[in-house]
Amino acid sequence: MHPKALLDACADLVAQVLKFDHPADAVVSHYFREHRSLGPRERATLAETAYAVLRRKLLFEHFAGSGSGSRERRLAILAFAGPRDFLKSELNEQEKAWLDQCDAVKPATLIDRHRHNLPEWLAEPLRAQLGEDFWPLVDALNQPAPLDLRVNALNDKREDVQKELKLAGIAARPTPYSPWGLRIDGKPALTKLDAFARGAVEVQDEGSQLLALITDARRGQMVVDFCAGAGGKTLALGAAMRNTGRLYAFDVSAHRLDNLKPRLARSKLSNVHPAAIAHERDERIKRLAGKIDRVIVDAPCSGLGTLRRNPDLKWRQSPQALAELTTKQSAILESAARLLKPGGRIVYATCSLLRAENEDIAAAFSAAHPDFRGIQVQELLENAKVADAAKLCSEGGQDLRLWPHRHGTDGFYAAVWEKVQG
């Protein structure tokens with residue numbers, strides 16, 4: 001594609017993404033469907049340029065103030081994800097000089113908001129939580145995430161799948177913590193692989209795999225994935241149960257559960273029962289009350305632990321939305337806890353970085369429920385043969401606390417309780 005046409009396309013996509021009418025990944029997918037002639041390299045440049053603008057929006061808008069041409073073009077030039085000489089061949093002398101000036105600015109000389117590129121309502125609590133470790137987190141959030149796969153342990157071994165991927169020209173390495181995971185750099189066409197078609201691998205972040213591991217679902221149990229979504233953890237739990245027992249996949253979105261169906265067919269699992277529910281107090285929940293061995297609540301949350309993949313979330317979320325989410329999280333955890341039989345366990349998890357959605361929800365639940373005792377996550381991880389389990393937990397090993405800059409995963413939190421025998 002000619003440099004001018006590619007830069008124009010980048011500016012066009014940046015303009016659409018910055019409307020924030022829809023999630024960025026949906027906007028990018030729609031754009032590619034509308035422009036089917038784009039090749040894989042052009043698609044990669046377009047997507048990464050749009051995502052780079054979202055990651056460094058405050059800085060690039062600051063720089064764009066001194067450039068020429070439309071705002072979208074200036075932002076696309078600053079964020080352009082292709083070769084610099086290819087880009088510069090399309091710029092006029094004034095634009096080249098402006099871009100060189102911007103490139104020469106040292107990060108250490110920038111004011112904080114242009115360095116961290118976070119809205120203040122988010123930067124403030126993260127800085128309070130992390131202290132000096134805030135800046136390494138910022139750096140990690142501004143990098144693209146790798147692609148993690150979970151090997152279906154029901155039918156395949158990780159080392160066999162790793163060799164199979166290598167023969168297909170894909171370099172995969174074992175994830176450092178999850179015994180089920182393989183990590184890939186780049187974005188290969190996975191859906192064309194036999195390993196994918198036969199259900200040997202599923203795309204799932206290592207952090208999400210660890211949530212399934214600490215749920216500790218076993219053969220023959222009754223297990224509920226309370227907010228199953230598209231079912232990544234459901235499939236991991238079904239394999240951990242060796243395709244025995246009963247595994248209910250509940251979600252309020254029938255559309256999300258529809259996305260589970262083809263994955264379920266590939267997985268060869270027959271113990272999974274997907275069911276759309278109207279709300280967390282649905283009749284189906286009442287019928288199963290007091291009968292369940294394990295419940296995982298991967299609660300609807302701000303998603304801020306996934307900012308490497310979804311940088312638009314920091315601009316699309318707000319303190320008001322967060323307050324509504326925390327109310328919903330408490331209600332869902334409360335309702336899901338009713339499912340457990342004595343001796344059963346519940347996992348509360350989010351992919352958020354914020355204490356308000358994590359420790360604060362867990363502390364309130366513990367205070368309101370003397371009939372539930374907290375279980376040490378470190379112990380659960382060690383039992384699941386996870387390496388360096390203590391590194392993955394909060395001080396004292398009580399909760400799971402995963403950070404992109406410390407663990408290379410998305411940001412995750414989890415707390416676990418056991419219902420005390422009556």
# chains A, B, ... in the order shown; residues from 1 in each chain; ligands from 1
>>> select_by_dssp(residues="range 197-347 of chain A", states="strand (DSSP E)", output="PyMOL selection string")
chain A and resi 201-203+222-225+246-251+272-276+292-298+340-347
>>> closest_residue(among="A:Val17, A:Cys351, A:Ala197, A:Ala362", to="Leu307 in chain A", atoms="only C-alpha atoms")
A:Cys351
>>> select_by_dssp(residues="range 231-368 of chain A", states="helix (DSSP H, G or I)", output="number ranges by chain")
A: 232-240, 254-267, 283-288, 304-306, 313-316, 319-337, 355-357, 359-368
>>> residues_around(residues="Leu91 in chain A", least_positions_apart="4", cutoff="10 Å", atoms="only C-alpha atoms", output="list in words")
Pro3, Lys4, Leu7, Ile77, Asp85, Phe86, Leu87, Glu95, Lys96, Ala97 and Leu99 of chain A
>>> closest_atom_pairs(of="range 130-236 of chain A", to="range 367-383 of chain A", cutoff="12 Å", atoms="only C-alpha atoms", output="tab-separated table")
residue	atom	partner	partner_atom	distance
A:Tyr177	CA	A:Leu381	CA	9.5
A:Ser178	CA	A:Leu381	CA	9.5
A:Pro179	CA	A:Leu381	CA	10.8
A:Gln209	CA	A:Leu381	CA	11.4
A:Leu210	CA	A:Leu381	CA	8.0
A:Leu211	CA	A:Leu381	CA	9.6
A:Ala212	CA	A:Leu381	CA	10.5
A:Leu213	CA	A:Leu381	CA	7.2
A:Ile214	CA	A:Leu380	CA	5.6
A:Thr215	CA	A:Leu380	CA	8.4
A:Asp216	CA	A:Leu380	CA	7.6
A:Ala217	CA	A:Leu380	CA	11.4
>>> residues_around(residues="range 258-267 of chain A", least_positions_apart="6", cutoff="6 Å", atoms="only C-alpha atoms", output="list in words")
Arg198, Gly199, Ala230 and Gly231 of chain A
>>> write_last_selection(atoms="N, CA and C atoms", output="PDB file, in the first residue's frame")
ATOM      1  N   ARG A 198      -8.892 -28.984  16.745  1.00  0.00           N
ATOM      2  CA  ARG A 198      -9.278 -30.182  17.507  1.00  0.00           C
ATOM      3  C   ARG A 198      -9.398 -29.905  19.014  1.00  0.00           C
ATOM      4  N   GLY A 199      -9.255 -28.618  19.393  1.00  0.00           N
ATOM      5  CA  GLY A 199      -9.475 -28.251  20.798  1.00  0.00           C
ATOM      6  C   GLY A 199      -8.296 -28.501  21.714  1.00  0.00           C
ATOM      7  N   ALA A 230     -17.638 -15.906  27.723  1.00  0.00           N
ATOM      8  CA  ALA A 230     -17.408 -16.788  26.569  1.00  0.00           C
ATOM      9  C   ALA A 230     -16.776 -18.110  26.982  1.00  0.00           C
ATOM     10  N   GLY A 231     -16.557 -18.306  28.293  1.00  0.00           N
ATOM     11  CA  GLY A 231     -16.266 -19.637  28.797  1.00  0.00           C
ATOM     12  C   GLY A 231     -14.826 -20.097  28.861  1.00  0.00           C
TER      13      GLY A 231
END
>>> closest_residue(among="A:Thr191, A:Thr306, A:Asn117, A:Ser335", to="His279 in chain A", atoms="only C-alpha atoms")
A:Ser335
>>> closest_residue(among="A:Ser330, A:Asn142, A:Gln421, A:Ser68", to="Leu54 in chain A", atoms="only C-alpha atoms")
A:Asn142
>>> closest_residue(among="A:Ala44, A:Ala363, A:Leu237, A:Leu110", to="Pro188 in chain A", atoms="only C-alpha atoms")
A:Ala44
>>> residues_around(residues="range 282-298 of chain A", least_positions_apart="3", cutoff="7 Å", atoms="only C-alpha atoms", output="ChimeraX atom specification")
/A:215,217,221-227,277-279,333,338-341,344-350
>>> atom_distance(atom1="CA of Glu159 in chain A", atom2="CA of Ala389 in chain A")
21.8 Å
>>> residues_around(residues="Ala64 in chain A", least_positions_apart="5", cutoff="7 Å", atoms="only C-alpha atoms", output="list in words")
Arg71, Arg74 and Leu75 of chain A
>>> write_last_selection(atoms="N, CA and C atoms", output="tab-separated table (two decimals), in the first residue's frame")
chain	number	residue	atom	x	y	z
A	71	ARG	N	-6.20	16.82	13.22
A	71	ARG	CA	-5.80	16.23	14.51
A	71	ARG	C	-5.54	14.73	14.36
A	74	ARG	N	-2.23	14.02	12.65
A	74	ARG	CA	-1.10	14.26	13.56
A	74	ARG	C	-0.94	13.12	14.56
A	75	LEU	N	-2.06	12.67	15.11
A	75	LEU	CA	-2.01	11.56	16.07
A	75	LEU	C	-1.52	10.28	15.40
>>> residues_around(residues="Arg127 in chain A", least_positions_apart="5", cutoff="12 Å", atoms="only C-alpha atoms", output="list in words")
Asp112, His116, Leu118, Glu120, Trp121, Leu122, Glu132, Asp133, Phe134, Trp135, Pro136, Leu137, Val138, Leu353, Leu354 and Arg355 of chain A
>>> atom_distance(atom1="CA of Trp417 in chain A", atom2="CA of Ala299 in chain A")
15.5 Å
>>> closest_residue(among="A:Ser89, A:Gln162, A:Thr409, A:Ser66", to="Cys102 in chain A", atoms="only C-alpha atoms")
A:Ser66
